[in-house]
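Asker: Input structure: run.pdb, which contains PDB, C-alpha atoms and all ligand atoms.
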```pdb
ATOM      1  CA  MET P   1     -20.911  98.382 -36.203
ATOM      2  CA  SER P   2     -18.999 100.415 -33.633
ATOM      3  CA  PRO P   3     -19.790 100.017 -29.907
ATOM      4  CA  LYS P   4     -22.494 102.404 -28.589
ATOM      5  CA  GLY P   5     -21.226 105.939 -28.189
ATOM      6  CA  ALA P   6     -18.172 105.256 -30.323
ATOM      7  CA  VAL P   7     -17.372 106.531 -33.795
ATOM      8  CA  GLN P   8     -15.583 104.794 -36.645
ATOM      9  CA  GLU P   9     -13.283 106.652 -39.004
ATOM     10  CA  LEU P  10     -11.429 105.372 -42.067
ATOM     11  CA  ALA P  11      -7.806 106.500 -42.422
ATOM     12  CA  PRO P  12      -7.555 106.168 -46.208
ATOM     13  CA  ALA P  13      -4.330 105.494 -48.064
ATOM     14  CA  LYS P  14      -2.859 108.711 -49.477
ATOM     15  CA  ILE P  15      -1.537 108.401 -53.031
ATOM     16  CA  ASN P  16       0.687 110.979 -54.731
ATOM     17  CA  LEU P  17      -0.226 110.707 -58.418
ATOM     18  CA  THR P  18       2.542 113.261 -58.961
ATOM     19  CA  LEU P  19       5.256 114.519 -56.612
ATOM     20  CA  HIS P  20       7.429 117.365 -57.923
ATOM     21  CA  VAL P  21      10.238 118.530 -55.596
ATOM     22  CA  THR P  22      10.719 122.217 -56.443
ATOM     23  CA  GLY P  23      13.048 123.515 -53.746
ATOM     24  CA  GLN P  24      14.297 123.256 -50.172
ATOM     25  CA  ARG P  25      13.702 125.481 -47.139
ATOM     26  CA  PRO P  26      16.554 126.551 -44.854
ATOM     27  CA  ASP P  27      15.230 124.067 -42.266
ATOM     28  CA  GLY P  28      15.870 121.257 -44.736
ATOM     29  CA  TYR P  29      12.246 120.465 -45.590
ATOM     30  CA  HIS P  30      11.605 120.232 -49.319
ATOM     31  CA  LEU P  31       9.072 122.267 -51.265
ATOM     32  CA  LEU P  32       6.604 120.018 -53.061
ATOM     33  CA  ASP P  33       3.957 120.241 -55.758
ATOM     34  CA  SER P  34       1.790 117.125 -55.689
ATOM     35  CA  LEU P  35      -1.549 115.880 -56.997
ATOM     36  CA  VAL P  36      -2.865 113.812 -54.084
ATOM     37  CA  VAL P  37      -5.824 111.414 -54.090
ATOM     38  CA  PHE P  38      -7.214 108.994 -51.517
ATOM     39  CA  ALA P  39      -8.207 105.345 -51.668
ATOM     40  CA  ASP P  40     -11.420 103.650 -50.583
ATOM     41  CA  PHE P  41      -9.190 101.444 -48.394
ATOM     42  CA  GLY P  42      -7.097 102.224 -45.327
ATOM     43  CA  ASP P  43      -6.655 101.780 -41.611
ATOM     44  CA  LEU P  44      -9.843 101.721 -39.526
ATOM     45  CA  LEU P  45     -10.164 103.627 -36.248
ATOM     46  CA  THR P  46     -12.851 103.029 -33.611
ATOM     47  CA  ILE P  47     -12.902 105.842 -31.056
ATOM     48  CA  ALA P  48     -14.890 105.728 -27.801
ATOM     49  CA  PRO P  49     -15.198 108.450 -25.147
ATOM     50  CA  ALA P  50     -12.625 108.027 -22.353
ATOM     51  CA  GLU P  51     -11.239 109.929 -19.383
ATOM     52  CA  ALA P  52      -7.683 109.196 -20.500
ATOM     53  CA  PRO P  53      -6.158 108.519 -23.943
ATOM     54  CA  SER P  54      -5.528 104.897 -24.854
ATOM     55  CA  LEU P  55      -4.520 103.054 -28.013
ATOM     56  CA  THR P  56      -5.030  99.416 -28.953
ATOM     57  CA  LEU P  57      -3.486  98.097 -32.162
ATOM     58  CA  THR P  58      -5.129  95.310 -34.166
ATOM     59  CA  GLY P  59      -5.086  94.163 -37.770
ATOM     60  CA  PRO P  60      -2.756  92.263 -40.087
ATOM     61  CA  LEU P  61      -0.131  95.033 -40.339
ATOM     62  CA  SER P  62       0.133  96.153 -36.703
ATOM     63  CA  ALA P  63       3.302  94.194 -35.879
ATOM     64  CA  GLY P  64       6.242  96.333 -34.794
ATOM     65  CA  LEU P  65       4.286  99.561 -34.495
ATOM     66  CA  PRO P  66       4.510 101.560 -31.259
ATOM     67  CA  THR P  67       1.489 101.996 -28.927
ATOM     68  CA  ASP P  68       3.282 104.568 -26.773
ATOM     69  CA  ASP P  69       3.402 108.346 -27.202
ATOM     70  CA  SER P  70       5.391 107.950 -30.412
ATOM     71  CA  ASN P  71       2.354 106.589 -32.228
ATOM     72  CA  LEU P  72       0.866 109.299 -34.424
ATOM     73  CA  VAL P  73      -2.609 108.509 -33.055
ATOM     74  CA  ARG P  74      -1.438 109.418 -29.559
ATOM     75  CA  LYS P  75       0.492 112.412 -30.911
ATOM     76  CA  ALA P  76      -2.735 113.652 -32.533
ATOM     77  CA  MET P  77      -4.698 113.357 -29.254
ATOM     78  CA  ALA P  78      -1.943 115.179 -27.340
ATOM     79  CA  PHE P  79      -1.754 117.873 -30.053
ATOM     80  CA  ALA P  80      -5.502 118.574 -29.840
ATOM     81  CA  GLY P  81      -5.689 118.116 -26.037
ATOM     82  CA  TRP P  82      -8.393 115.493 -26.570
ATOM     83  CA  THR P  83      -8.682 112.021 -25.042
ATOM     84  CA  GLY P  84     -10.360 108.904 -26.368
ATOM     85  CA  ALA P  85     -10.041 105.136 -26.339
ATOM     86  CA  VAL P  86      -8.775 104.399 -29.848
ATOM     87  CA  THR P  87      -8.666 100.981 -31.463
ATOM     88  CA  LEU P  88      -6.565 101.150 -34.615
ATOM     89  CA  GLU P  89      -6.925  98.346 -37.134
ATOM     90  CA  LYS P  90      -3.742  98.571 -39.234
ATOM     91  CA  ARG P  91      -4.410  97.478 -42.804
ATOM     92  CA  LEU P  92      -1.809  99.724 -44.505
ATOM     93  CA  PRO P  93       1.928  99.026 -44.525
ATOM     94  CA  ALA P  94       3.912 101.589 -42.515
ATOM     95  CA  ALA P  95       6.722 103.773 -43.883
ATOM     96  CA  ALA P  96       5.255 102.956 -47.270
ATOM     97  CA  GLY P  97       4.701 106.293 -49.023
ATOM     98  CA  ILE P  98       0.922 106.107 -48.640
ATOM     99  CA  GLY P  99       0.443 108.265 -45.613
ATOM    100  CA  GLY P 100      -0.007 105.478 -43.047
ATOM    101  CA  GLY P 101       0.681 107.135 -39.731
ATOM    102  CA  SER P 102      -0.178 110.592 -41.090
ATOM    103  CA  SER P 103      -3.602 109.373 -42.207
ATOM    104  CA  ASP P 104      -4.116 107.725 -38.806
ATOM    105  CA  ALA P 105      -3.326 111.013 -37.070
ATOM    106  CA  ALA P 106      -5.762 112.859 -39.336
ATOM    107  CA  ALA P 107      -8.502 110.259 -38.830
ATOM    108  CA  THR P 108      -8.017 110.498 -35.048
ATOM    109  CA  LEU P 109      -8.635 114.250 -35.226
ATOM    110  CA  ARG P 110     -11.678 113.848 -37.501
ATOM    111  CA  GLY P 111     -13.200 111.120 -35.313
ATOM    112  CA  LEU P 112     -12.661 112.969 -32.027
ATOM    113  CA  ALA P 113     -13.968 116.218 -33.547
ATOM    114  CA  ARG P 114     -17.187 114.325 -34.376
ATOM    115  CA  LEU P 115     -17.346 112.652 -30.961
ATOM    116  CA  LEU P 116     -16.747 115.919 -29.107
ATOM    117  CA  ASP P 117     -18.674 118.079 -31.580
ATOM    118  CA  ALA P 118     -15.589 120.301 -31.773
ATOM    119  CA  PRO P 119     -13.936 122.076 -34.733
ATOM    120  CA  LEU P 120     -10.852 120.499 -36.266
ATOM    121  CA  PRO P 121      -7.636 122.043 -34.900
ATOM    122  CA  ALA P 122      -5.410 124.204 -37.135
ATOM    123  CA  GLY P 123      -1.670 123.832 -37.608
ATOM    124  CA  THR P 124      -1.769 120.055 -38.040
ATOM    125  CA  GLU P 125       1.418 120.168 -40.133
ATOM    126  CA  ALA P 126       3.111 120.094 -36.715
ATOM    127  CA  LEU P 127       2.131 116.410 -36.609
ATOM    128  CA  GLY P 128       3.723 115.715 -39.997
ATOM    129  CA  ALA P 129       3.991 117.271 -43.439
ATOM    130  CA  ASP P 130       1.339 114.907 -44.812
ATOM    131  CA  VAL P 131      -1.250 115.436 -42.076
ATOM    132  CA  PRO P 132      -2.994 118.542 -43.501
ATOM    133  CA  VAL P 133      -3.771 116.843 -46.829
ATOM    134  CA  CYS P 134      -4.824 113.650 -44.982
ATOM    135  CA  LEU P 135      -7.152 115.697 -42.757
ATOM    136  CA  ALA P 136      -9.269 116.656 -45.774
ATOM    137  CA  ALA P 137      -8.775 113.191 -47.303
ATOM    138  CA  ARG P 138     -10.000 114.306 -50.726
ATOM    139  CA  ALA P 139      -8.341 115.053 -54.075
ATOM    140  CA  ALA P 140      -6.090 118.072 -53.646
ATOM    141  CA  ARG P 141      -3.027 119.914 -54.873
ATOM    142  CA  MET P 142      -0.447 119.870 -52.079
ATOM    143  CA  GLN P 143       2.283 122.510 -52.025
ATOM    144  CA  GLY P 144       4.679 124.161 -49.615
ATOM    145  CA  VAL P 145       6.176 121.406 -47.491
ATOM    146  CA  GLY P 146       2.672 119.926 -47.335
ATOM    147  CA  GLU P 147       0.799 122.662 -45.499
ATOM    148  CA  VAL P 148      -0.656 124.365 -48.607
ATOM    149  CA  VAL P 149      -3.629 122.201 -49.582
ATOM    150  CA  THR P 150      -5.919 123.268 -52.441
ATOM    151  CA  PRO P 151      -8.951 120.976 -52.749
ATOM    152  CA  LEU P 152      -9.716 120.056 -56.369
ATOM    153  CA  PRO P 153     -13.092 119.648 -58.030
ATOM    154  CA  ALA P 154     -14.177 116.014 -57.681
ATOM    155  CA  LEU P 155     -12.038 113.932 -60.016
ATOM    156  CA  HIS P 156     -13.372 111.150 -62.202
ATOM    157  CA  PRO P 157     -12.641 108.082 -60.033
ATOM    158  CA  LEU P 158      -9.473 106.207 -60.912
ATOM    159  CA  HIS P 159      -9.116 102.463 -60.387
ATOM    160  CA  ALA P 160      -5.765 101.053 -59.294
ATOM    161  CA  VAL P 161      -3.779  98.319 -57.648
ATOM    162  CA  LEU P 162      -1.490  99.311 -54.764
ATOM    163  CA  VAL P 163       1.602  97.134 -54.349
ATOM    164  CA  ASN P 164       4.242  97.196 -51.607
ATOM    165  CA  PRO P 165       7.241  94.820 -51.704
ATOM    166  CA  GLY P 166       7.477  94.699 -47.910
ATOM    167  CA  ILE P 167      10.463  96.988 -47.405
ATOM    168  CA  ASP P 168      10.463 100.104 -45.233
ATOM    169  CA  ILE P 169      12.009 103.138 -46.917
ATOM    170  CA  PRO P 170      12.889 105.949 -44.499
ATOM    171  CA  THR P 171      11.515 109.140 -46.073
ATOM    172  CA  PRO P 172      14.484 111.360 -45.081
ATOM    173  CA  LEU P 173      16.912 108.971 -46.823
ATOM    174  CA  ILE P 174      15.113 109.364 -50.137
ATOM    175  CA  PHE P 175      14.927 113.142 -49.929
ATOM    176  CA  ARG P 176      18.657 113.229 -49.133
ATOM    177  CA  ALA P 177      19.407 111.060 -52.186
ATOM    178  CA  LEU P 178      17.726 113.497 -54.630
ATOM    179  CA  SER P 179      20.143 114.549 -57.382
ATOM    180  CA  SER P 180      18.268 117.830 -57.874
ATOM    181  CA  LYS P 181      16.106 119.624 -55.333
ATOM    182  CA  THR P 182      14.957 122.338 -57.735
ATOM    183  CA  ASN P 183      12.776 120.707 -60.382
ATOM    184  CA  PRO P 184       9.911 122.176 -62.438
ATOM    185  CA  PRO P 185       6.526 122.342 -60.689
ATOM    186  CA  MET P 186       3.280 121.175 -62.264
ATOM    187  CA  PRO P 187       1.536 123.744 -64.512
ATOM    188  CA  VAL P 188       0.092 126.695 -62.596
ATOM    189  CA  ASP P 189      -3.438 125.796 -63.754
ATOM    190  CA  LEU P 190      -4.415 122.130 -63.682
ATOM    191  CA  PRO P 191      -6.629 121.053 -66.610
ATOM    192  CA  ASP P 192     -10.316 120.286 -66.106
ATOM    193  CA  TRP P 193      -9.960 116.680 -67.243
ATOM    194  CA  PRO P 194     -13.127 115.498 -69.047
ATOM    195  CA  ASP P 195     -12.646 111.882 -67.970
ATOM    196  CA  ALA P 196     -10.237 109.470 -66.249
ATOM    197  CA  ALA P 197      -8.477 108.666 -69.527
ATOM    198  CA  ALA P 198      -7.605 112.346 -70.042
ATOM    199  CA  LEU P 199      -6.222 112.581 -66.483
ATOM    200  CA  ILE P 200      -4.119 109.444 -66.987
ATOM    201  CA  ASP P 201      -2.796 110.792 -70.280
ATOM    202  CA  TRP P 202      -1.874 114.068 -68.549
ATOM    203  CA  LEU P 203      -0.115 112.178 -65.725
ATOM    204  CA  TYR P 204       2.370 110.795 -68.250
ATOM    205  CA  GLY P 205       3.758 114.316 -68.585
ATOM    206  CA  MET P 206       4.235 114.638 -64.809
ATOM    207  CA  ARG P 207       6.679 112.997 -62.386
ATOM    208  CA  ASN P 208       7.449 111.581 -58.973
ATOM    209  CA  ASP P 209      10.894 113.105 -58.372
ATOM    210  CA  LEU P 210      11.464 110.714 -55.454
ATOM    211  CA  GLU P 211      11.204 107.676 -57.733
ATOM    212  CA  PRO P 212      14.810 107.836 -59.091
ATOM    213  CA  PRO P 213      16.429 108.074 -55.634
ATOM    214  CA  ALA P 214      14.119 105.332 -54.344
ATOM    215  CA  LEU P 215      15.095 103.123 -57.296
ATOM    216  CA  SER P 216      18.758 103.642 -56.452
ATOM    217  CA  GLN P 217      18.273 102.953 -52.736
ATOM    218  CA  ALA P 218      15.809 100.045 -53.071
ATOM    219  CA  PRO P 219      15.965  97.928 -56.271
ATOM    220  CA  GLU P 220      12.809  96.135 -55.107
ATOM    221  CA  VAL P 221      10.860  99.234 -56.195
ATOM    222  CA  GLY P 222      12.136  98.706 -59.735
ATOM    223  CA  ALA P 223      11.045  95.076 -59.637
ATOM    224  CA  VAL P 224       7.539  96.151 -58.624
ATOM    225  CA  LEU P 225       7.297  98.825 -61.335
ATOM    226  CA  ASP P 226       8.591  96.421 -64.002
ATOM    227  CA  ARG P 227       6.037  93.777 -63.027
ATOM    228  CA  LEU P 228       3.192  96.318 -63.007
ATOM    229  CA  ARG P 229       4.160  97.814 -66.373
ATOM    230  CA  GLN P 230       4.245  94.351 -67.959
ATOM    231  CA  ASP P 231       0.640  93.661 -66.964
ATOM    232  CA  LYS P 232      -1.865  94.088 -69.809
ATOM    233  CA  ALA P 233      -4.263  96.031 -67.551
ATOM    234  CA  CYS P 234      -1.708  98.639 -66.434
ATOM    235  CA  LEU P 235      -2.374 102.078 -67.936
ATOM    236  CA  LEU P 236       0.286 103.852 -65.843
ATOM    237  CA  ALA P 237       2.522 102.718 -62.960
ATOM    238  CA  ARG P 238       4.385 105.034 -60.544
ATOM    239  CA  MET P 239       5.702 105.062 -56.993
ATOM    240  CA  SER P 240       3.674 106.958 -54.379
ATOM    241  CA  GLY P 241       5.379 109.497 -52.123
ATOM    242  CA  SER P 242       8.800 108.351 -50.918
ATOM    243  CA  GLY P 243       7.834 104.706 -51.509
ATOM    244  CA  ALA P 244       8.061 101.777 -51.532
ATOM    245  CA  THR P 245       4.365 101.445 -52.438
ATOM    246  CA  CYS P 246       3.627 101.733 -56.159
ATOM    247  CA  PHE P 247       0.302 102.081 -57.938
ATOM    248  CA  ALA P 248      -0.883 100.815 -61.319
ATOM    249  CA  LEU P 249      -3.885 102.588 -62.810
ATOM    250  CA  THR P 250      -6.490 100.485 -64.647
ATOM    251  CA  ASP P 251      -9.605 101.430 -66.592
ATOM    252  CA  THR P 252     -12.097  99.614 -64.373
ATOM    253  CA  ARG P 253     -12.368  98.260 -60.832
ATOM    254  CA  HIS P 254     -12.817  94.770 -62.244
ATOM    255  CA  ALA P 255      -9.533  95.159 -64.160
ATOM    256  CA  ALA P 256      -7.808  96.230 -60.929
ATOM    257  CA  GLU P 257      -9.176  93.224 -59.053
ATOM    258  CA  ALA P 258      -8.147  90.839 -61.837
ATOM    259  CA  MET P 259      -4.676  92.392 -61.901
ATOM    260  CA  ALA P 260      -4.415  91.994 -58.118
ATOM    261  CA  ASP P 261      -5.250  88.293 -58.569
ATOM    262  CA  ARG P 262      -2.420  87.971 -61.109
ATOM    263  CA  LEU P 263      -0.045  89.489 -58.537
ATOM    264  CA  SER P 264      -1.055  87.117 -55.738
ATOM    265  CA  ASP P 265       2.001  84.884 -56.331
ATOM    266  CA  THR P 266       4.494  87.694 -55.644
ATOM    267  CA  GLY P 267       4.390  87.670 -51.841
ATOM    268  CA  TRP P 268       3.937  91.450 -51.994
ATOM    269  CA  TRP P 269       1.193  93.469 -50.293
ATOM    270  CA  VAL P 270      -1.403  93.916 -53.064
ATOM    271  CA  GLN P 271      -4.644  95.899 -52.764
ATOM    272  CA  PRO P 272      -7.160  96.904 -55.483
ATOM    273  CA  VAL P 273      -8.608 100.354 -54.778
ATOM    274  CA  THR P 274     -10.612 103.191 -56.227
ATOM    275  CA  LEU P 275      -8.953 106.618 -55.942
ATOM    276  CA  ALA P 276     -10.700 109.998 -55.775
TER     277      ALA P 276
HETATM  278  C1  LIG S 301       7.055 112.257 -48.903
HETATM  279  C2  LIG S 301       5.615 112.540 -48.610
HETATM  280  C3  LIG S 301       4.903 113.095 -49.830
HETATM  281  O1  LIG S 301       3.513 113.184 -49.599
HETATM  282  O2  LIG S 301       4.862 111.386 -48.238
HETATM  283  P1  LIG S 301       5.275 109.933 -47.719
HETATM  284  O3  LIG S 301       6.292 109.355 -48.639
HETATM  285  O4  LIG S 301       5.820 110.125 -46.330
HETATM  286  O5  LIG S 301       3.988 109.154 -47.751
HETATM  287  C4  LIG S 301       5.465 113.547 -47.464
HETATM  288  O6  LIG S 301       5.998 114.789 -47.849
HETATM  289  C5  LIG S 301       6.110 113.093 -46.170
HETATM  290  O7  LIG S 301       5.285 113.574 -45.172
HETATM  291  P2  LIG S 301       5.513 113.005 -43.698
HETATM  292  O8  LIG S 301       5.705 111.508 -43.759
HETATM  293  O9  LIG S 301       4.408 113.535 -42.842
HETATM  294  O10 LIG S 301       6.898 113.666 -43.376
HETATM  295  P3  LIG S 301       7.408 114.088 -41.949
HETATM  296  O11 LIG S 301       7.177 112.938 -41.007
HETATM  297  O12 LIG S 301       6.872 115.437 -41.639
HETATM  298  O13 LIG S 301       8.980 114.228 -42.288
HETATM  299  C6  LIG S 301       9.755 113.085 -42.393
HETATM  300  C7  LIG S 301      11.061 113.552 -43.019
HETATM  301  O14 LIG S 301      10.879 113.661 -44.440
HETATM  302  C8  LIG S 301      11.598 114.788 -44.933
HETATM  303  N1  LIG S 301      10.641 115.699 -45.567
HETATM  304  C9  LIG S 301       9.290 115.540 -45.399
HETATM  305  C10 LIG S 301       8.429 116.404 -46.048
HETATM  306  C11 LIG S 301       8.970 117.442 -46.850
HETATM  307  N2  LIG S 301       8.167 118.307 -47.491
HETATM  308  N3  LIG S 301      10.319 117.582 -46.989
HETATM  309  C12 LIG S 301      11.158 116.728 -46.361
HETATM  310  O15 LIG S 301      12.384 116.866 -46.494
HETATM  311  C13 LIG S 301      12.307 115.419 -43.751
HETATM  312  O16 LIG S 301      13.610 114.854 -43.669
HETATM  313  C14 LIG S 301      11.489 114.946 -42.580
HETATM  314  O17 LIG S 301      12.242 114.885 -41.380
HETATM  315  N1  LIG S 302      -0.223 104.895 -36.541
HETATM  316  C1  LIG S 302       0.934 104.653 -37.185
HETATM  317  N2  LIG S 302       0.924 103.918 -38.326
HETATM  318  C2  LIG S 302       2.078 103.682 -39.005
HETATM  319  N3  LIG S 302       3.295 104.139 -38.617
HETATM  320  C3  LIG S 302       3.328 104.870 -37.476
HETATM  321  C4  LIG S 302       2.167 105.165 -36.718
HETATM  322  N4  LIG S 302       2.522 105.936 -35.661
HETATM  323  C5  LIG S 302       3.851 106.098 -35.745
HETATM  324  N5  LIG S 302       4.355 105.457 -36.813
HETATM  325  C6  LIG S 302       5.767 105.464 -37.238
HETATM  326  O1  LIG S 302       5.856 106.343 -38.374
HETATM  327  C7  LIG S 302       6.714 105.771 -39.375
HETATM  328  C8  LIG S 302       5.917 105.501 -40.647
HETATM  329  O2  LIG S 302       5.057 106.568 -40.885
HETATM  330  P1  LIG S 302       4.061 106.437 -42.117
HETATM  331  O3  LIG S 302       3.207 107.646 -42.079
HETATM  332  O4  LIG S 302       3.403 105.079 -42.123
HETATM  333  O5  LIG S 302       5.065 106.492 -43.347
HETATM  334  P2  LIG S 302       4.696 107.091 -44.791
HETATM  335  O6  LIG S 302       4.390 108.549 -44.528
HETATM  336  O7  LIG S 302       5.927 106.834 -45.604
HETATM  337  O8  LIG S 302       3.496 106.331 -45.298
HETATM  338  C9  LIG S 302       7.221 104.472 -38.838
HETATM  339  O9  LIG S 302       8.508 104.713 -38.317
HETATM  340  C10 LIG S 302       6.247 104.112 -37.724
HETATM  341  O10 LIG S 302       6.912 103.422 -36.661
END
```
Represent the structure from my file as structure tokens, please.
Ligand SMILES: C[C@@](CO)(OP(=O)(O)O)[C@H](O)COP(=O)(O)OP(=O)(O)OC[C@H]1O[C@@H](n2ccc(N)nc2=O)[C@H](O)[C@@H]1O
Ligand SMILES: Nc1ncnc2c1ncn2[C@@H]1O[C@H](COP(=O)(O)OP(=O)(O)O)[C@@H](O)[C@H]1O

Answerer:
Amino acid sequence: MSPKGAVQELAPAKINLTLHVTGQRPDGYHLLDSLVVFADFGDLLTIAPAEAPSLTLTGPLSAGLPTDDSNLVRKAMAFAGWTGAVTLEKRLPAAAGIGGGSSDAAATLRGLARLLDAPLPAGTEALGADVPVCLAARAARMQGVGEVVTPLPALHPLHAVLVNPGIDIPTPLIFRALSSKTNPPMPVDLPDWPDAAALIDWLYGMRNDLEPPALSQAPEVGAVLDRLRQDKACLLARMSGSGATCFALTDTRHAAEAMADRLSDTGWWVQPVTLA
């Protein structure tokens, strides 16, 4: 329960089931075409009314993260001109390809909008390319550099295991290491998948274009993907975003939890989730 007068907001992990890099703008940002879904697991924000903005970090993955103005929670409050006393319980690895700070910024805006009974601000891509899609935090097609977000009809829930080998991969490095920046987009019209199995089958024909450069920059990503693909419960394994987090899709939540148990000896960050 949150303290009286405070609100709690989940900052869910953002997973790119696909990530096609289709071009590059003159400012260097890359044009993307991505099917994005969100997990039922993430960072947890508790936001209380306050005269001045404040941020307290807690949780098992808060070490090394800034609490000053460079934290995306504080950047979100400054962007909206709102103040609040935010406690951020970090449960997602940072710089991990699963939206981390971007999802925290989006959750800060959602929570304060509720607390202040105010509309969400526009132009949140100024906080980061991933913030607009994280603001909606629902299945969407993300295009442009991340600012074009088309919500999708509710997908059949997917079950998965998220795995991070504990290495930070700087996003710009991976984009710079792309061998081609003009790759085919996804089909103009996405199918109306009748069930999760049909969506998974369709995903095999799609890509994460940042996976090859990540594999070349960080061999640990290859070790994770190999281990996931060897597991009997893995229906499809792929890196999310610019990595290093990878996901393995399974047919049930129980299968994801059992797979996570089998990965407990790796020393990696392992989290069973349901994606929608
Ligand atoms: C790659 C993606 C895919 O969803 O996710 P993550 O791997 O970060 O989770 C996102 O585009 C990341 O979004 P975000 O993490 O907000 O990126 P930003 O902080 O805005 O930009 C970090 C750097 O990534 C590069 N960048 C980011 C987005 C984009 N469309 N083109 C880029 O070239 C730029 O070098 C930029 O300076
Ligand atoms: N609330 C936050 N959570 C995680 N990282 C943050 C946060 N605020 C700022 N950062 C910084 O942002 C970078 C990671 O951003 P993040 O969104 O977690 O990466 P990714 O988009 O790859 O998941 C790190 O350099 C980290 O220091």

Asker: Given the file shown, determine the residues that the PyMOL selection byres (((chain P and resi 110) around 12) and not hetatm) selects; report them as a VMD selection string.

Answerer: chain P and resid 7 to 11 45 to 47 73 76 to 77 80 82 103 to 109 111 to 121 124 131 to 132 134 to 137

Asker: So, counting only C-alpha atoms, which residue among P:Val163, P:Leu57, P:Leu88, P:Ile98 is closest to Val37 (chain P)?

Answerer: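 Looking only at the distances to Val37 (chain P), the closest residue turns out to be P:Ile98.
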
Asker: Which residues of chain P sit at most 8 Å from ligand LIG 301 (chain S), using only C-alpha atoms and all ligand atoms? Give each one's shortest atom pair and distance in Å (one decimal place), in chain and ascending residue order, as CSV.

Answerer:
```
residue,atom,partner,partner_atom,distance
P:Lys14,CA,S:LIG301,O5,7.1
P:Ile15,CA,S:LIG301,O5,7.7
P:Asn16,CA,S:LIG301,O1,6.3
P:Leu19,CA,S:LIG301,C3,6.9
P:Gln24,CA,S:LIG301,O15,7.6
P:Gly28,CA,S:LIG301,O15,5.9
P:Tyr29,CA,S:LIG301,O15,3.7
P:His30,CA,S:LIG301,N3,3.8
P:Leu31,CA,S:LIG301,N2,5.5
P:Leu32,CA,S:LIG301,N2,6.0
P:Ser34,CA,S:LIG301,O1,7.5
P:Val36,CA,S:LIG301,O1,7.8
P:Ala95,CA,S:LIG301,O4,6.9
P:Ala96,CA,S:LIG301,O5,6.3
P:Gly97,CA,S:LIG301,O5,3.2
P:Ile98,CA,S:LIG301,O5,4.4
P:Gly99,CA,S:LIG301,O5,4.2
P:Gly100,CA,S:LIG301,O5,7.2
P:Gly101,CA,S:LIG301,O8,7.8
P:Ser102,CA,S:LIG301,O9,5.7
P:Glu125,CA,S:LIG301,O12,7.4
P:Ala126,CA,S:LIG301,O12,7.8
P:Leu127,CA,S:LIG301,O12,7.0
P:Gly128,CA,S:LIG301,O12,3.6
P:Ala129,CA,S:LIG301,O9,3.8
P:Asp130,CA,S:LIG301,O9,3.9
P:Val131,CA,S:LIG301,O9,6.0
P:Gly144,CA,S:LIG301,N2,7.1
P:Val145,CA,S:LIG301,N2,3.7
P:Gly146,CA,S:LIG301,N2,5.7
P:Pro170,CA,S:LIG301,C7,8.0
P:Thr171,CA,S:LIG301,O14,4.8
P:Pro172,CA,S:LIG301,O16,3.9
P:Leu173,CA,S:LIG301,O16,7.4
P:Phe175,CA,S:LIG301,O15,5.7
P:Arg176,CA,S:LIG301,O16,7.6
P:Ser240,CA,S:LIG301,O3,6.7
P:Gly241,CA,S:LIG301,O3,3.6
P:Ser242,CA,S:LIG301,O3,3.5
P:Gly243,CA,S:LIG301,O3,5.7
```

Asker: Residues at most 10 Å from region 179-196 of chain P, counting all atoms listed in the file, excluding those fewer than 5 positions away in the same chain, as a ChimeraX atom specification?

Answerer: /P:18-24,30-35,141,143,152-153,155-159,201-202,205-207,209-210,212-213,249-251

Asker: Take the PyMOL selection byres (((chain P and resi 272) around 8) and not hetatm), run it mentally on this structure, and tell me the resulting residues as a PDB file with C-alpha atoms, in the coordinates of the input.

Answerer:
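Here's the written file selection_32.pdb:
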```pdb
ATOM      1  CA  HIS P 159      -9.116 102.463 -60.387  1.00  0.00           C
ATOM      2  CA  ALA P 160      -5.765 101.053 -59.294  1.00  0.00           C
ATOM      3  CA  VAL P 161      -3.779  98.319 -57.648  1.00  0.00           C
ATOM      4  CA  LEU P 162      -1.490  99.311 -54.764  1.00  0.00           C
ATOM      5  CA  ARG P 253     -12.368  98.260 -60.832  1.00  0.00           C
ATOM      6  CA  ALA P 256      -7.808  96.230 -60.929  1.00  0.00           C
ATOM      7  CA  GLU P 257      -9.176  93.224 -59.053  1.00  0.00           C
ATOM      8  CA  ALA P 260      -4.415  91.994 -58.118  1.00  0.00           C
ATOM      9  CA  VAL P 270      -1.403  93.916 -53.064  1.00  0.00           C
ATOM     10  CA  GLN P 271      -4.644  95.899 -52.764  1.00  0.00           C
ATOM     11  CA  VAL P 273      -8.608 100.354 -54.778  1.00  0.00           C
ATOM     12  CA  THR P 274     -10.612 103.191 -56.227  1.00  0.00           C
TER      13      THR P 274
END
```

Asker: Which residue gives the smallest distance to ligand LIG 302 (chain S) among P:Ala48, P:Leu215, P:Leu275, P:Val86, with all atoms listed in the file counted?

Answerer: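 Closest to ligand LIG 302 (chain S), using all atoms listed in the file: P:Val86.
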
Asker: Looking at P:Ile174, P:Leu199, P:Val221, P:Ala237, which one is nearest to ligand LIG 302 (chain S), with distances taken over only C-alpha atoms and all ligand atoms?

Answerer: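 When distances to ligand LIG 302 (chain S) are compared using only C-alpha atoms and all ligand atoms, the smallest one comes from P:Ile174.
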
Asker: Please, what distance in Å, to one decimal, runs between CA of Gly84 (chain P) and CA of Val149 (chain P)?

Answerer: 27.6 Å

Asker: Just want the 9 Å neighbourhood of Leu236 (chain P), counted on all atoms listed in the file, with same-chain residues fewer than 6 positions away dropped. Output as a list of chain:residue names.

Answerer: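 Answer for this query is P:Ile200, P:Asp201, P:Leu203, P:Tyr204, P:Leu228, P:Arg229, P:Phe247, P:Ala248, P:Leu249, P:Thr250.
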
Asker: As an exercise, work out the distance from CA of Pro12 (chain P) to atom O8 of ligand LIG 302 (chain S) in Å and give it to one decimal place.

Answerer: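 Pair CA of Pro12 (chain P) / atom O8 of ligand LIG 302 (chain S) returns 11.1 Å.
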